[in-house]
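S.K.: File follows, model19.cif with mmCIF, C-alpha atoms:
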```cif
data_coords
#
loop_
_atom_site.group_PDB
_atom_site.id
_atom_site.type_symbol
_atom_site.label_atom_id
_atom_site.label_comp_id
_atom_site.auth_asym_id
_atom_site.auth_seq_id
_atom_site.Cartn_x
_atom_site.Cartn_y
_atom_site.Cartn_z
ATOM 1 C CA GLU A 1 -15.060 -15.458 -18.068
ATOM 2 C CA ILE A 2 -12.732 -12.941 -16.434
ATOM 3 C CA ASP A 3 -11.739 -13.764 -12.876
ATOM 4 C CA TRP A 4 -13.312 -11.235 -10.450
ATOM 5 C CA ARG A 5 -9.849 -10.590 -8.982
ATOM 6 C CA ILE A 6 -8.605 -9.427 -12.365
ATOM 7 C CA LYS A 7 -11.692 -7.192 -12.739
ATOM 8 C CA MET A 8 -11.072 -5.727 -9.275
ATOM 9 C CA PHE A 9 -7.375 -5.289 -10.033
ATOM 10 C CA ASN A 10 -8.214 -3.512 -13.299
ATOM 11 C CA GLY A 11 -10.498 -1.196 -11.309
ATOM 12 C CA LEU A 12 -7.666 -0.573 -8.876
ATOM 13 C CA LEU A 13 -5.297 0.257 -11.756
ATOM 14 C CA GLU A 14 -7.886 2.621 -13.258
ATOM 15 C CA ASP A 15 -8.321 4.389 -9.905
ATOM 16 C CA LEU A 16 -4.536 4.564 -9.623
ATOM 17 C CA LYS A 17 -4.342 6.318 -13.006
ATOM 18 C CA GLN A 18 -6.951 8.863 -11.855
ATOM 19 C CA SER A 19 -5.370 9.544 -8.452
ATOM 20 C CA LYS A 20 -3.153 12.485 -7.672
ATOM 21 C CA CYS A 21 -2.035 11.110 -4.305
ATOM 22 C CA VAL A 22 -1.467 7.467 -3.403
ATOM 23 C CA LEU A 23 -0.910 6.045 0.064
ATOM 24 C CA VAL A 24 0.512 2.517 -0.044
ATOM 25 C CA GLY A 25 0.692 0.167 2.918
ATOM 26 C CA LEU A 26 2.763 -2.994 2.675
ATOM 27 C CA GLY A 27 2.164 -5.510 5.445
ATOM 28 C CA GLU A 28 4.270 -7.989 7.314
ATOM 29 C CA SER A 29 4.099 -10.407 4.386
ATOM 30 C CA PHE A 30 6.546 -8.167 2.510
ATOM 31 C CA THR A 31 9.476 -9.283 4.630
ATOM 32 C CA LEU A 32 11.633 -11.530 2.458
ATOM 33 C CA LYS A 33 11.738 -14.895 4.208
ATOM 34 C CA ASN A 34 13.814 -16.959 1.777
ATOM 35 C CA SER A 35 16.108 -16.107 -1.094
ATOM 36 C CA GLU A 36 14.106 -18.159 -3.623
ATOM 37 C CA ASP A 37 11.328 -15.546 -3.424
ATOM 38 C CA GLU A 38 13.610 -12.542 -3.855
ATOM 39 C CA LEU A 39 12.997 -12.252 -7.603
ATOM 40 C CA LYS A 40 9.214 -12.197 -7.065
ATOM 41 C CA TYR A 41 9.530 -9.406 -4.476
ATOM 42 C CA ILE A 42 11.852 -7.426 -6.755
ATOM 43 C CA GLN A 43 9.377 -7.807 -9.629
ATOM 44 C CA PHE A 44 6.554 -6.654 -7.346
ATOM 45 C CA TYR A 45 8.467 -3.530 -6.272
ATOM 46 C CA LYS A 46 9.439 -2.699 -9.859
ATOM 47 C CA THR A 47 5.828 -3.099 -11.018
ATOM 48 C CA LEU A 48 4.582 -0.955 -8.126
ATOM 49 C CA LYS A 49 7.162 1.734 -8.894
ATOM 50 C CA GLU A 50 6.134 1.693 -12.562
ATOM 51 C CA LYS A 51 2.411 1.928 -11.703
ATOM 52 C CA LEU A 52 2.997 4.807 -9.269
ATOM 53 C CA GLY A 53 4.954 6.688 -11.917
ATOM 54 C CA ALA A 54 5.306 10.390 -11.132
ATOM 55 C CA ARG A 55 2.341 10.496 -8.734
ATOM 56 C CA ASP A 56 2.650 11.988 -5.288
ATOM 57 C CA TYR A 57 2.910 8.875 -3.123
ATOM 58 C CA TYR A 58 3.974 7.672 0.270
ATOM 59 C CA ILE A 59 4.613 4.070 1.277
ATOM 60 C CA VAL A 60 4.437 2.687 4.790
ATOM 61 C CA THR A 61 5.947 -0.767 5.006
ATOM 62 C CA GLN A 62 6.064 -3.330 7.777
ATOM 63 C CA ALA A 63 8.840 -5.225 5.990
ATOM 64 C CA GLU A 64 11.855 -5.972 8.135
ATOM 65 C CA ASP A 65 14.338 -5.775 5.261
ATOM 66 C CA ASP A 66 15.496 -2.951 2.993
ATOM 67 C CA LEU A 67 14.682 -4.608 -0.337
ATOM 68 C CA ILE A 68 12.243 -1.799 -1.209
ATOM 69 C CA PHE A 69 15.134 0.676 -1.177
ATOM 70 C CA GLN A 70 17.319 -1.639 -3.261
ATOM 71 C CA CYS A 71 14.547 -1.497 -5.891
ATOM 72 C CA GLY A 72 14.852 2.266 -6.284
ATOM 73 C CA PHE A 73 12.258 3.717 -3.906
ATOM 74 C CA ASP A 74 13.338 6.985 -2.331
ATOM 75 C CA LYS A 75 13.610 6.969 1.457
ATOM 76 C CA LYS A 76 11.871 10.363 1.412
ATOM 77 C CA HIS A 77 8.700 8.602 0.239
ATOM 78 C CA VAL A 78 8.893 5.461 2.375
ATOM 79 C CA ALA A 79 8.380 4.983 6.110
ATOM 80 C CA ALA A 80 9.888 1.685 7.247
ATOM 81 C CA PRO A 81 9.576 1.585 11.050
ATOM 82 C CA PHE A 82 10.722 -2.042 11.289
ATOM 83 C CA VAL A 83 13.888 -1.368 9.266
ATOM 84 C CA PHE A 84 14.705 2.043 10.777
ATOM 85 C CA PRO A 85 12.942 2.121 14.189
ATOM 86 C CA GLU A 86 14.798 5.261 15.325
ATOM 87 C CA ASP A 87 13.942 7.281 12.220
ATOM 88 C CA GLU A 88 11.482 9.713 13.793
ATOM 89 C CA GLU A 89 12.118 12.342 11.096
ATOM 90 C CA ASN A 90 10.913 9.989 8.367
ATOM 91 C CA TRP A 91 7.696 9.285 10.288
ATOM 92 C CA GLN A 92 7.148 13.031 10.746
ATOM 93 C CA ASP A 93 7.587 13.526 6.976
ATOM 94 C CA TYR A 94 4.910 10.868 6.447
ATOM 95 C CA MET A 95 2.535 12.613 8.881
ATOM 96 C CA LYS A 96 3.109 15.953 7.139
ATOM 97 C CA TRP A 97 2.502 14.369 3.706
ATOM 98 C CA LEU A 98 -0.660 12.730 5.013
ATOM 99 C CA SER A 99 -2.013 16.049 6.327
ATOM 100 C CA PHE A 100 -1.720 17.538 2.836
ATOM 101 C CA THR A 101 -3.907 14.772 1.370
ATOM 102 C CA LEU A 102 -6.986 15.705 3.387
ATOM 103 C CA ASN A 103 -9.858 16.738 1.103
ATOM 104 C CA ARG A 104 -7.816 15.752 -1.973
ATOM 105 C CA GLN A 105 -8.386 12.791 -4.237
ATOM 106 C CA LEU A 106 -6.459 9.993 -2.514
ATOM 107 C CA LEU A 107 -6.079 6.326 -3.316
ATOM 108 C CA VAL A 108 -5.327 4.210 -0.258
ATOM 109 C CA LEU A 109 -3.792 0.930 -1.339
ATOM 110 C CA GLU A 110 -3.186 -1.572 1.446
ATOM 111 C CA MET A 111 -1.540 -4.859 0.563
ATOM 112 C CA GLY A 112 -0.788 -7.883 2.698
ATOM 113 C CA VAL A 113 -1.577 -6.141 5.982
ATOM 114 C CA GLY A 114 -2.884 -8.477 8.648
ATOM 115 C CA PHE A 115 -3.257 -8.032 12.377
ATOM 116 C CA ALA A 116 0.388 -8.490 13.458
ATOM 117 C CA ASN A 117 0.708 -4.702 13.973
ATOM 118 C CA PRO A 118 -2.684 -3.158 13.118
ATOM 119 C CA MET A 119 -1.763 0.201 14.686
ATOM 120 C CA VAL A 120 0.936 0.834 12.051
ATOM 121 C CA ILE A 121 -1.081 0.513 8.828
ATOM 122 C CA ARG A 122 -4.451 -1.255 9.047
ATOM 123 C CA PHE A 123 -6.318 0.973 11.514
ATOM 124 C CA PRO A 124 -4.705 4.319 10.521
ATOM 125 C CA PHE A 125 -5.341 3.652 6.805
ATOM 126 C CA GLU A 126 -9.015 2.891 7.479
ATOM 127 C CA LYS A 127 -9.292 6.107 9.469
ATOM 128 C CA THR A 128 -7.563 8.105 6.727
ATOM 129 C CA ALA A 129 -9.906 6.722 4.068
ATOM 130 C CA PHE A 130 -12.939 7.346 6.283
ATOM 131 C CA LEU A 131 -12.029 10.956 7.142
ATOM 132 C CA ASN A 132 -11.115 11.928 3.585
ATOM 133 C CA GLN A 133 -14.414 11.751 1.705
ATOM 134 C CA LYS A 134 -12.522 11.949 -1.610
ATOM 135 C CA ALA A 135 -10.495 8.820 -0.802
ATOM 136 C CA LYS A 136 -10.926 5.300 -2.123
ATOM 137 C CA MET A 137 -9.402 2.323 -0.344
ATOM 138 C CA TYR A 138 -8.375 -1.063 -1.701
ATOM 139 C CA ARG A 139 -7.382 -3.736 0.795
ATOM 140 C CA VAL A 140 -5.647 -6.688 -0.849
ATOM 141 C CA HIS A 141 -5.051 -9.707 1.407
ATOM 142 C CA PRO A 142 -5.344 -13.471 0.906
ATOM 143 C CA THR A 143 -7.395 -14.082 4.078
ATOM 144 C CA LEU A 144 -8.212 -10.704 5.720
ATOM 145 C CA PRO A 145 -9.379 -8.333 2.954
ATOM 146 C CA GLN A 146 -12.469 -7.005 4.745
ATOM 147 C CA VAL A 147 -13.015 -3.246 4.830
ATOM 148 C CA THR A 148 -15.175 -1.385 7.319
ATOM 149 C CA ALA A 149 -18.802 -0.774 6.405
ATOM 150 C CA GLU A 150 -18.311 2.942 7.128
ATOM 151 C CA LEU A 151 -16.322 3.279 3.898
ATOM 152 C CA GLY A 152 -19.350 2.155 1.904
ATOM 153 C CA GLU A 153 -18.833 2.427 -1.854
ATOM 154 C CA ARG A 154 -15.315 3.834 -1.342
ATOM 155 C CA GLY A 155 -13.878 0.634 0.163
ATOM 156 C CA TYR A 156 -12.902 -2.452 -1.837
ATOM 157 C CA ALA A 157 -11.877 -5.845 -0.461
ATOM 158 C CA VAL A 158 -9.724 -7.946 -2.773
ATOM 159 C CA GLN A 159 -9.077 -11.468 -1.527
ATOM 160 C CA ALA A 160 -5.774 -12.246 -3.229
ATOM 161 C CA ASN A 161 -2.059 -12.426 -2.617
ATOM 162 C CA PRO A 162 -0.814 -8.947 -3.585
ATOM 163 C CA LEU A 163 2.485 -10.339 -4.850
ATOM 164 C CA ASP A 164 0.705 -12.655 -7.263
ATOM 165 C CA LEU A 165 -1.790 -10.002 -8.338
ATOM 166 C CA PHE A 166 0.864 -7.408 -9.204
ATOM 167 C CA VAL A 167 3.471 -9.744 -10.646
ATOM 168 C CA GLU A 168 1.117 -11.755 -12.857
ATOM 169 C CA ALA A 169 -0.965 -8.838 -14.132
#
```
Let me see the file written as structure tokens.
M.R.:
Amino acid sequence: EIDWRIKMFNGLLEDLKQSKCVLVGLGESFTLKNSEDELKYIQFYKTLKEKLGARDYYIVTQAEDDLIFQCGFDKKHVAAPFVFPEDEENWQDYMKWLSFTLNRQLLVLEMGVGFANPMVIRFPFEKTAFLNQKAKMYRVHPTLPQVTAELGERGYAVQANPLDLFVEA
């Protein structure tokens, strides 16, 4: 029997293939805490980059290191307020990009976002998915995957470690 997480992840990958725009949120768990895990994080970022392909995407990360940039992500498509707190221009680019996604097919993919800083990703991503009726949202978190009831059939809670899900799939 296929694990429900794998089924959900396959659904996520299918929605990713169908999406024109993808908004990715990476939570506080994406800060590299010890060097033994570095390879796993690098593999995650490479897999994510591969899955995003040529899609129009933007990533907001709460990581406190610049590993995402070392893995080839363009700073023009990544807002990292905990790495570059003074980078107001980058945040404005993100806001402009976000405004262009309204009423367009959008996949909101939130991974490892808890309640350490909910005003950066968790709450704004929920609001974005709610306001854009063409958006689908996947929240992947080992203990806090719940999505708001207002999203209805467009919100998916995946209780899993996003690193494990992406690296092992």
S.K.: Counting only C-alpha atoms, which of A:Glu88, A:Leu23, A:Ile42, A:Met95 gets nearest to Phe125 of chain A?
M.R.: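 Result for the nearest residue to Phe125 of chain A: A:Leu23.
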S.K.: Run the PyMOL selection byres ((chain A and resi 121) around 12) on the file and write out the hits as JSON, numbers by chain.
M.R.: {"A": [23, 24, 25, 26, 27, 28, 59, 60, 61, 62, 63, 79, 80, 81, 108, 109, 110, 111, 112, 113, 114, 115, 116, 117, 118, 119, 120, 122, 123, 124, 125, 126, 127, 128, 129, 139]}
S.K.: Pick out the residues sitting within 9 Å of Pro142 of chain A, and hand them over as an MDAnalysis selection string; count only C-alpha atoms, and ignore anything fewer than 2 positions along from it in its own chain.
M.R.: chainID A and resid 112 140 144:145 158:162
S.K.: Write out as a list in words the residues lying within 9 Å of Leu151 of chain A, counting only C-alpha atoms and excluding same-chain residues fewer than 5 positions away.
M.R.: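 Residues meeting the cut-off are Glu126, Ala129, Phe130, Gln133, Lys136, Met137 and Tyr156 of chain A.
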S.K.: Of the candidates A:Leu165, A:Leu102, A:Ile68, A:Ala149, which one gets nearest to Phe30 of chain A if we count all atoms listed in the file?
M.R.: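 Closest residue, counting all atoms listed in the file: A:Ile68.
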S.K.: What separation in Å, quoted to one decimal, exists between atom CA of Thr31 of chain A and atom CA of Asp65 of chain A?
M.R.: 6.0 Å
S.K.: Within 8 Å of Leu107 of chain A, counting all atoms listed in the file, which residues qualify if same-chain residues fewer than 4 places away don't, as a PyMOL selection string?
M.R.: chain A and resi 15-16+19+21-23+135-138
S.K.: Based on the selection just made, write C-alpha atoms of those residues as a short mmCIF file (atom, residue, chain, number, x, y, z; two decimals), in the frame of the given file.
M.R.:
```cif
data_model
loop_
_atom_site.label_atom_id
_atom_site.label_comp_id
_atom_site.auth_asym_id
_atom_site.auth_seq_id
_atom_site.Cartn_x
_atom_site.Cartn_y
_atom_site.Cartn_z
CA ASP A 15 -8.32 4.39 -9.90
CA LEU A 16 -4.54 4.56 -9.62
CA SER A 19 -5.37 9.54 -8.45
CA CYS A 21 -2.04 11.11 -4.30
CA VAL A 22 -1.47 7.47 -3.40
CA LEU A 23 -0.91 6.04 0.06
CA ALA A 135 -10.50 8.82 -0.80
CA LYS A 136 -10.93 5.30 -2.12
CA MET A 137 -9.40 2.32 -0.34
CA TYR A 138 -8.38 -1.06 -1.70
#
```
S.K.: With all atoms of segment 115-131 of chain A from the file as input, state the centre and edge lengths in Å to one decimal of the axis-aligned box that has 4 Å extra on each side, as JSON.
M.R.:
```
{"center_x": -6.0, "center_y": 1.2, "center_z": 9.4, "size_x": 21.9, "size_y": 27.4, "size_z": 18.6}
```
S.K.: Report as a PyMOL selection string all protein, DNA and RNA residues lying within 12 Å of Gln92 of chain A, evaluated on only C-alpha atoms, omitting residues in the same chain fewer than 6 positions from it.
M.R.: chain A and resi 76-79+81+86+98-99
S.K.: Between A:Leu106, A:Asp87, A:Leu52, A:Lys46, which is the closest to Phe69 of chain A once you count all atoms listed in the file?
M.R.: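 Ranking A:Leu106, A:Asp87, A:Leu52, A:Lys46 by distance to Phe69 of chain A, first place goes to A:Lys46.
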S.K.: Separation of atom CA of Leu48 of chain A and atom CA of Phe166 of chain A, in Å?
M.R.: 7.5 Å
S.K.: Quick one: pull the distance between atom CA of Phe44 of chain A and atom CA of Ser29 of chain A, Å, one decimal.
M.R.: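 These atoms are spaced 12.6 Å apart.
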S.K.: Quick one: residues within 9 Å of Val167 of chain A, only C-alpha atoms counted, chain neighbours fewer than 3 positions away excluded, as a list in words?
M.R.: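 Within the cut-off, the hits are Lys40, Tyr41, Gln43, Phe44, Thr47, Pro162, Leu163 and Asp164 of chain A.
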S.K.: Pick from A:Gln105, A:Pro85, A:Tyr45, A:Ile6: nearest to Gln18 of chain A, with all atoms listed in the file counted?
M.R.: A:Gln105
